[in-house]
>>> print(open('protein-v3.txt').read())   # compact mmCIF, C-alpha atoms
# COMPACT_ATOMS: atom_id res chain seq x y z
CA MET A 119 -59.77 95.64 149.70
CA GLU A 120 -59.19 95.99 153.45
CA ALA A 121 -61.38 99.11 153.59
CA LEU A 122 -64.50 97.33 152.34
CA LYS A 123 -67.38 97.50 154.83
CA LEU A 124 -69.28 94.68 153.12
CA THR A 125 -67.51 91.55 151.83
CA PHE A 126 -68.44 88.13 150.52
CA ASN A 127 -68.47 85.12 152.86
CA ILE A 128 -68.78 82.22 150.42
CA LEU A 129 -68.71 79.07 152.53
CA PRO A 130 -66.77 76.09 151.13
CA LYS A 131 -68.81 72.92 150.60
CA GLY A 132 -67.28 71.14 153.59
CA ALA A 133 -68.59 73.86 155.92
CA TRP A 134 -72.16 74.04 154.63
CA ASN A 135 -73.56 72.09 157.59
CA ASN A 136 -71.31 73.55 160.30
CA ASP A 137 -73.37 76.69 161.00
CA PHE A 138 -74.30 77.01 164.65
CA SER A 139 -77.80 77.96 163.48
CA LYS A 140 -78.02 74.35 162.25
CA THR A 141 -75.93 72.39 164.74
CA LEU A 142 -76.91 73.97 168.07
CA SER A 143 -80.21 73.36 169.82
CA LYS A 144 -82.90 75.94 169.18
CA ASN A 145 -82.56 77.32 172.71
CA ASP A 146 -78.78 77.72 172.42
CA TRP A 147 -78.97 79.33 168.99
CA ASP A 148 -81.71 81.68 170.19
CA LYS A 149 -79.35 82.93 172.93
CA LEU A 150 -76.72 83.87 170.34
CA ARG A 151 -79.34 85.28 168.00
CA GLU A 152 -81.01 87.46 170.63
CA PHE A 153 -77.62 88.73 171.84
CA ALA A 154 -76.79 89.98 168.33
CA LEU A 155 -80.25 91.45 167.74
CA LYS A 156 -80.21 93.29 171.06
CA ARG A 157 -76.79 94.77 170.29
CA ALA A 158 -77.91 95.90 166.82
CA ASN A 159 -81.11 97.52 168.18
CA GLY A 160 -82.90 97.40 164.82
CA GLN A 161 -79.98 98.67 162.74
CA CYS A 162 -77.96 96.60 160.28
CA GLU A 163 -74.46 96.25 161.70
CA ILE A 164 -72.92 96.65 158.26
CA CYS A 165 -74.84 99.23 156.25
CA GLY A 166 -76.84 100.90 159.02
CA TYR A 167 -80.27 100.23 157.49
CA ASN A 168 -83.08 100.43 160.08
CA THR A 169 -85.48 97.49 160.14
CA ASP A 170 -87.28 95.23 162.58
CA GLU A 171 -86.45 92.19 160.42
CA LEU A 172 -82.70 91.70 160.75
CA ASP A 173 -81.00 88.40 159.90
CA VAL A 174 -78.28 86.93 162.12
CA HIS A 175 -75.14 85.96 160.22
CA GLU A 176 -72.11 83.90 161.26
CA GLU A 177 -68.80 85.03 159.75
CA TRP A 178 -65.97 82.47 159.58
CA ASP A 179 -62.22 82.60 158.93
CA PHE A 180 -60.71 79.56 157.20
CA ASP A 181 -57.17 78.18 157.51
CA ILE A 182 -56.48 75.60 154.80
CA LYS A 183 -53.18 74.38 156.29
CA LYS A 184 -54.71 73.72 159.71
CA LYS A 185 -58.12 72.74 158.26
CA THR A 186 -59.84 75.01 160.75
CA GLN A 187 -62.79 77.38 160.55
CA THR A 188 -62.81 80.01 163.28
CA LEU A 189 -65.88 82.01 164.23
CA LYS A 190 -65.04 85.65 163.59
CA TYR A 191 -68.30 87.22 164.66
CA ILE A 192 -72.08 86.85 164.79
CA LYS A 193 -73.79 89.98 163.47
CA ALA A 194 -77.34 91.18 162.93
CA ILE A 195 -77.58 92.38 159.35
CA CYS A 196 -80.27 93.31 156.83
CA SER A 197 -81.41 90.88 154.15
CA ARG A 198 -79.59 92.83 151.41
CA CYS A 199 -76.23 92.63 153.19
CA HIS A 200 -76.95 88.96 153.92
CA GLY A 201 -77.57 88.42 150.21
CA VAL A 202 -74.12 89.82 149.46
CA LYS A 203 -72.49 87.61 152.09
CA HIS A 204 -73.95 84.53 150.38
CA PHE A 205 -73.46 85.89 146.87
CA LYS A 206 -73.40 82.54 145.06
CA ASN A 207 -76.78 81.65 146.53
CA SER A 208 -78.17 85.07 145.57
CA VAL A 209 -77.07 84.46 141.97
CA ARG A 210 -78.70 81.03 142.03
CA LEU A 211 -81.98 82.57 143.22
CA GLY A 212 -81.88 85.33 140.60
CA PHE A 213 -80.80 88.20 142.89
CA GLY A 214 -77.19 88.51 141.72
CA GLU A 215 -77.56 91.96 140.15
CA GLU A 216 -79.36 93.30 143.22
CA ALA A 217 -76.58 91.98 145.46
CA GLN A 218 -73.95 93.57 143.20
CA ARG A 219 -75.66 96.98 143.36
CA HIS A 220 -75.88 96.79 147.16
CA PHE A 221 -72.19 95.81 147.43
CA ILE A 222 -71.16 98.80 145.31
CA MET A 223 -73.43 101.21 147.19
CA VAL A 224 -72.34 100.16 150.70
CA ASN A 225 -68.64 100.13 149.82
CA ASN A 226 -68.86 103.23 147.60
CA CYS A 227 -66.72 101.41 145.08
CA SER A 228 -66.55 100.75 141.34
CA GLU A 229 -67.72 97.74 139.36
CA MET A 230 -64.05 96.91 138.84
CA GLN A 231 -63.48 96.70 142.60
CA PHE A 232 -66.57 94.52 142.89
CA ALA A 233 -65.24 92.19 140.17
CA LYS A 234 -61.80 91.97 141.80
CA HIS A 235 -63.23 91.11 145.20
CA LEU A 236 -65.61 88.56 143.70
CA ASN A 237 -62.82 86.90 141.72
CA LYS A 238 -60.62 86.73 144.84
CA SER A 239 -63.48 85.21 146.85
CA LEU A 240 -64.24 82.60 144.19
CA ILE A 241 -60.58 81.56 144.02
CA GLU A 242 -60.54 81.16 147.82
CA TYR A 243 -63.78 79.19 147.60
CA GLU A 244 -62.27 76.69 145.13
CA GLU A 245 -59.11 76.32 147.23
CA ARG A 246 -61.11 75.71 150.39
CA ASN A 247 -63.22 73.09 148.64
CA LYS A 248 -60.16 70.82 148.74
CA ILE A 249 -60.94 70.29 152.44
CA PHE A 250 -63.81 67.90 153.20
CA ARG A 251 -63.88 68.33 157.01
CA TRP A 252 -63.14 71.50 158.99
CA LYS A 253 -62.32 71.71 162.70
CA ILE A 254 -64.51 74.34 164.34
CA ILE A 255 -62.93 76.91 166.67
CA ALA A 256 -65.23 79.32 168.50
CA ASN A 257 -65.44 81.34 171.69
CA LEU A 258 -69.21 81.53 172.03
CA GLU A 259 -68.99 83.48 175.29
CA LYS A 260 -67.94 86.52 173.23
CA PHE A 261 -71.27 86.35 171.43
CA GLY A 262 -73.56 85.85 174.42
CA GLY A 263 -73.17 82.08 174.54
CA LYS A 264 -71.60 81.56 177.97
CA GLY A 265 -71.94 77.90 178.95
CA ILE A 266 -72.94 76.73 175.47
CA ASP A 267 -71.00 73.68 174.24
CA TYR A 268 -70.61 72.70 170.61
CA LYS A 269 -69.57 69.45 168.97
CA GLN A 270 -67.04 68.85 166.23
CA ASN A 271 -68.08 67.36 162.92
CA THR A 272 -67.06 63.69 163.25
CA ILE A 273 -68.56 62.32 160.03
CA PRO A 274 -66.09 59.81 158.48
CA LEU A 275 -64.97 60.07 154.87
CA ILE A 276 -66.51 57.54 152.47
CA LYS A 277 -64.11 55.45 150.40
CA ASN A 278 -65.43 54.81 146.91
CA PRO A 279 -64.02 51.47 145.66
CA TYR A 280 -65.17 52.30 142.11
CA GLU A 281 -63.65 55.77 141.83
CA ASN A 282 -61.04 54.72 139.22
CA ILE A 283 -63.56 53.16 136.85
CA ASP A 284 -64.29 54.98 133.60
CA TRP A 285 -68.00 54.24 133.32
CA ASN A 286 -68.14 55.44 129.72
CA ASP A 287 -65.68 52.77 128.63
CA TYR A 288 -66.81 49.96 130.92
CA ASP A 289 -68.13 46.98 128.97
CA PHE A 290 -70.81 45.35 131.11
CA ILE A 291 -71.36 42.56 128.59
CA LYS A 292 -67.80 41.22 128.43
CA ILE A 293 -66.88 41.67 132.10
CA ASN A 294 -68.60 39.67 134.81
CA TYR A 295 -70.67 41.86 137.12
CA LYS A 296 -69.50 39.85 140.13
CA ASN A 297 -66.12 41.51 139.80
CA LEU A 298 -67.81 44.71 140.90
CA PHE A 299 -71.17 43.95 142.46
CA LEU A 300 -72.89 41.24 144.42
CA ILE A 301 -76.10 40.50 142.53
CA ASN A 302 -78.96 38.44 143.85
CA SER A 303 -80.36 37.03 140.60
CA LYS A 304 -83.49 35.73 142.35
CA ASN A 305 -84.70 39.30 142.68
CA LEU A 306 -84.07 40.22 139.05
CA TYR A 307 -87.20 40.38 136.95
CA TYR A 308 -85.62 41.94 133.89
CA SER A 309 -81.91 42.19 133.17
CA GLU A 310 -78.90 42.86 135.35
CA PRO A 311 -78.55 46.46 136.60
CA SER A 312 -77.11 48.85 134.06
CA ILE A 313 -75.06 51.21 136.21
CA SER A 314 -73.98 54.40 134.51
CA ASN A 315 -72.18 56.07 137.40
CA ILE A 316 -71.26 55.80 141.08
CA LYS A 317 -70.18 59.03 142.73
CA VAL A 318 -69.36 59.79 146.36
CA ASP A 319 -70.00 63.29 147.70
CA ASN A 320 -67.88 63.55 150.84
CA TYR A 321 -68.98 67.14 151.44
CA GLN A 322 -72.57 66.06 152.11
CA ASN A 323 -71.78 62.40 152.89
CA ILE A 324 -73.92 61.08 150.04
CA ILE A 325 -73.39 58.12 147.69
CA ASN A 326 -75.07 58.71 144.32
CA ILE A 327 -75.71 55.67 142.12
CA ASN A 328 -77.30 56.10 138.70
CA CYS A 329 -78.66 52.87 137.21
CA ASP A 330 -81.43 51.19 135.23
CA ASN A 331 -83.39 47.96 135.86
CA VAL A 332 -83.14 48.17 139.63
CA ASN A 333 -84.69 50.34 142.34
CA LYS A 334 -82.37 49.50 145.23
CA ILE A 335 -78.65 48.90 145.69
CA ASP A 336 -77.07 47.78 148.96
CA TRP A 337 -73.67 49.21 149.92
CA PHE A 338 -71.25 47.23 152.08
CA ILE A 339 -68.20 48.40 154.05
CA ASP A 340 -65.98 45.65 155.48
CA GLU A 341 -68.78 43.19 154.70
CA GLN A 342 -71.19 45.20 156.86
CA LYS A 343 -74.32 46.54 155.17
CA VAL A 344 -74.61 50.33 155.28
CA LYS A 345 -77.97 52.02 155.66
CA THR A 346 -78.78 53.75 152.39
CA LYS A 347 -81.62 55.42 150.53
>>> encode(input="protein-v3.txt", output="structure tokens")
Amino acid sequence: MEALKLTFNILPKGAWNNDFSKTLSKNDWDKLREFALKRANGQCEICGYNTDELDVHEEWDFDIKKKTQTLKYIKAICSRCHGVKHFKNSVRLGFGEEAQRHFIMVNNCSEMQFAKHLNKSLIEYEERNKIFRWKIIANLEKFGGKGIDYKQNTIPLIKNPYENIDWNDYDFIKINYKNLFLINSKNLYYSEPSISNIKVDNYQNIININCDNVNKIDWFIDEQKVKTK
């Protein structure tokens, strides 16, 4: 496995929005991007393919115990190698078989080796998904980013007060809604809201509420109204 030239880099959910391509200003990211492109000089830094349309990819190392993601390198690579790096997304878009063929060709390996590496990567992905927030560690000067500062992800975790409720067994007729929700009956034109599920996604910081008979629900934390969609 150590000899593989091309590997998967399946980002855990908690790191999806930590890419410097997303968090840095356009000017700062362009400095890192141009540095990698200039170094590559039109040649994929993994497979050697010559093209004027290289992608710039951030490779990260993850430490579950320390909850850190460390920038390993920023490389200019072709779209096919990039598709392998983000294999799960390639599968979702219908390019999984193409990515598999490119992996095998670049690494000169068997389908069995491909399957073993994929299985190992998916296991790591599931383990890393236990972490909602990662601390970013990066020396951007190594990648042409001297003087560029970056900020840590400081988004707080959302506490779901309804997480222990089994919505399938909850009897909305027998149990008073006020035990769970504050309802302004003056605004009800039909019946009380029929809520089928409340789910908090702390990876993306989203509260999902599925319900009937209402088009808006207000969420309060410590009696303070939270801005919601």
>>> closest_residue(input="protein-v3.txt", among="A:Leu124, A:Ile249, A:Leu189, A:Cys329", to="Phe232 in chain A", atoms="all atoms listed in the file")
A:Leu124
>>> residues_around(input="protein-v3.txt", residues="Lys184 in chain A", least_positions_apart="4", cutoff="10 Å", atoms="all atoms listed in the file", output="JSON, numbers by chain")
{"A": [180, 252, 253]}
>>> atom_distance(input="protein-v3.txt", atom1="CA of Lys149 in chain A", atom2="CA of Ala256 in chain A")
15.2 Å
>>> closest_residue(input="protein-v3.txt", among="A:Phe205, A:Glu281, A:Val224, A:Ile273", to="Asn136 in chain A", atoms="all atoms listed in the file")
A:Ile273
>>> atom_distance(input="protein-v3.txt", atom1="CA of Ile192 in chain A", atom2="CA of Glu176 in chain A")
4.6 Å
>>> closest_residue(input="protein-v3.txt", among="A:Ile283, A:Ile339, A:Ile182, A:Leu236", to="Phe250 in chain A", atoms="all atoms listed in the file")
A:Ile182
>>> atom_distance(input="protein-v3.txt", atom1="CA of Arg157 in chain A", atom2="CA of Ile222 in chain A")
25.9 Å
>>> closest_residue(input="protein-v3.txt", among="A:Ile241, A:Leu150, A:Leu142, A:Ala121", to="Phe261 in chain A", atoms="all atoms listed in the file")
A:Leu150
>>> closest_residue(input="protein-v3.txt", among="A:Ala194, A:Ile316, A:Leu129, A:Leu122", to="Phe153 in chain A", atoms="all atoms listed in the file")
A:Ala194
>>> closest_residue(input="protein-v3.txt", among="A:Thr125, A:Ser239, A:Arg151, A:Asp179", to="Cys199 in chain A", atoms="only C-alpha atoms")
A:Thr125
>>> residues_around(input="protein-v3.txt", residues="Cys165 in chain A", least_positions_apart="5", cutoff="10 Å", atoms="all atoms listed in the file", output="PyMOL selection string")
chain A and resi 123-124+195-196+198-199+220-221+223-225
>>> residues_around(input="protein-v3.txt", residues="Lys203 in chain A", least_positions_apart="2", cutoff="6 Å", atoms="only C-alpha atoms", output="list in words")
Phe126, Asn127, His200, Gly201 and Phe205 of chain A
>>> write_last_selection(input="protein-v3.txt", atoms="C-alpha atoms", output="PDB file, in the frame of the given file")
ATOM      1  CA  PHE A 126     -68.440  88.130 150.520  1.00  0.00           C
ATOM      2  CA  ASN A 127     -68.470  85.120 152.860  1.00  0.00           C
ATOM      3  CA  HIS A 200     -76.950  88.960 153.920  1.00  0.00           C
ATOM      4  CA  GLY A 201     -77.570  88.420 150.210  1.00  0.00           C
ATOM      5  CA  PHE A 205     -73.460  85.890 146.870  1.00  0.00           C
TER       6      PHE A 205
END
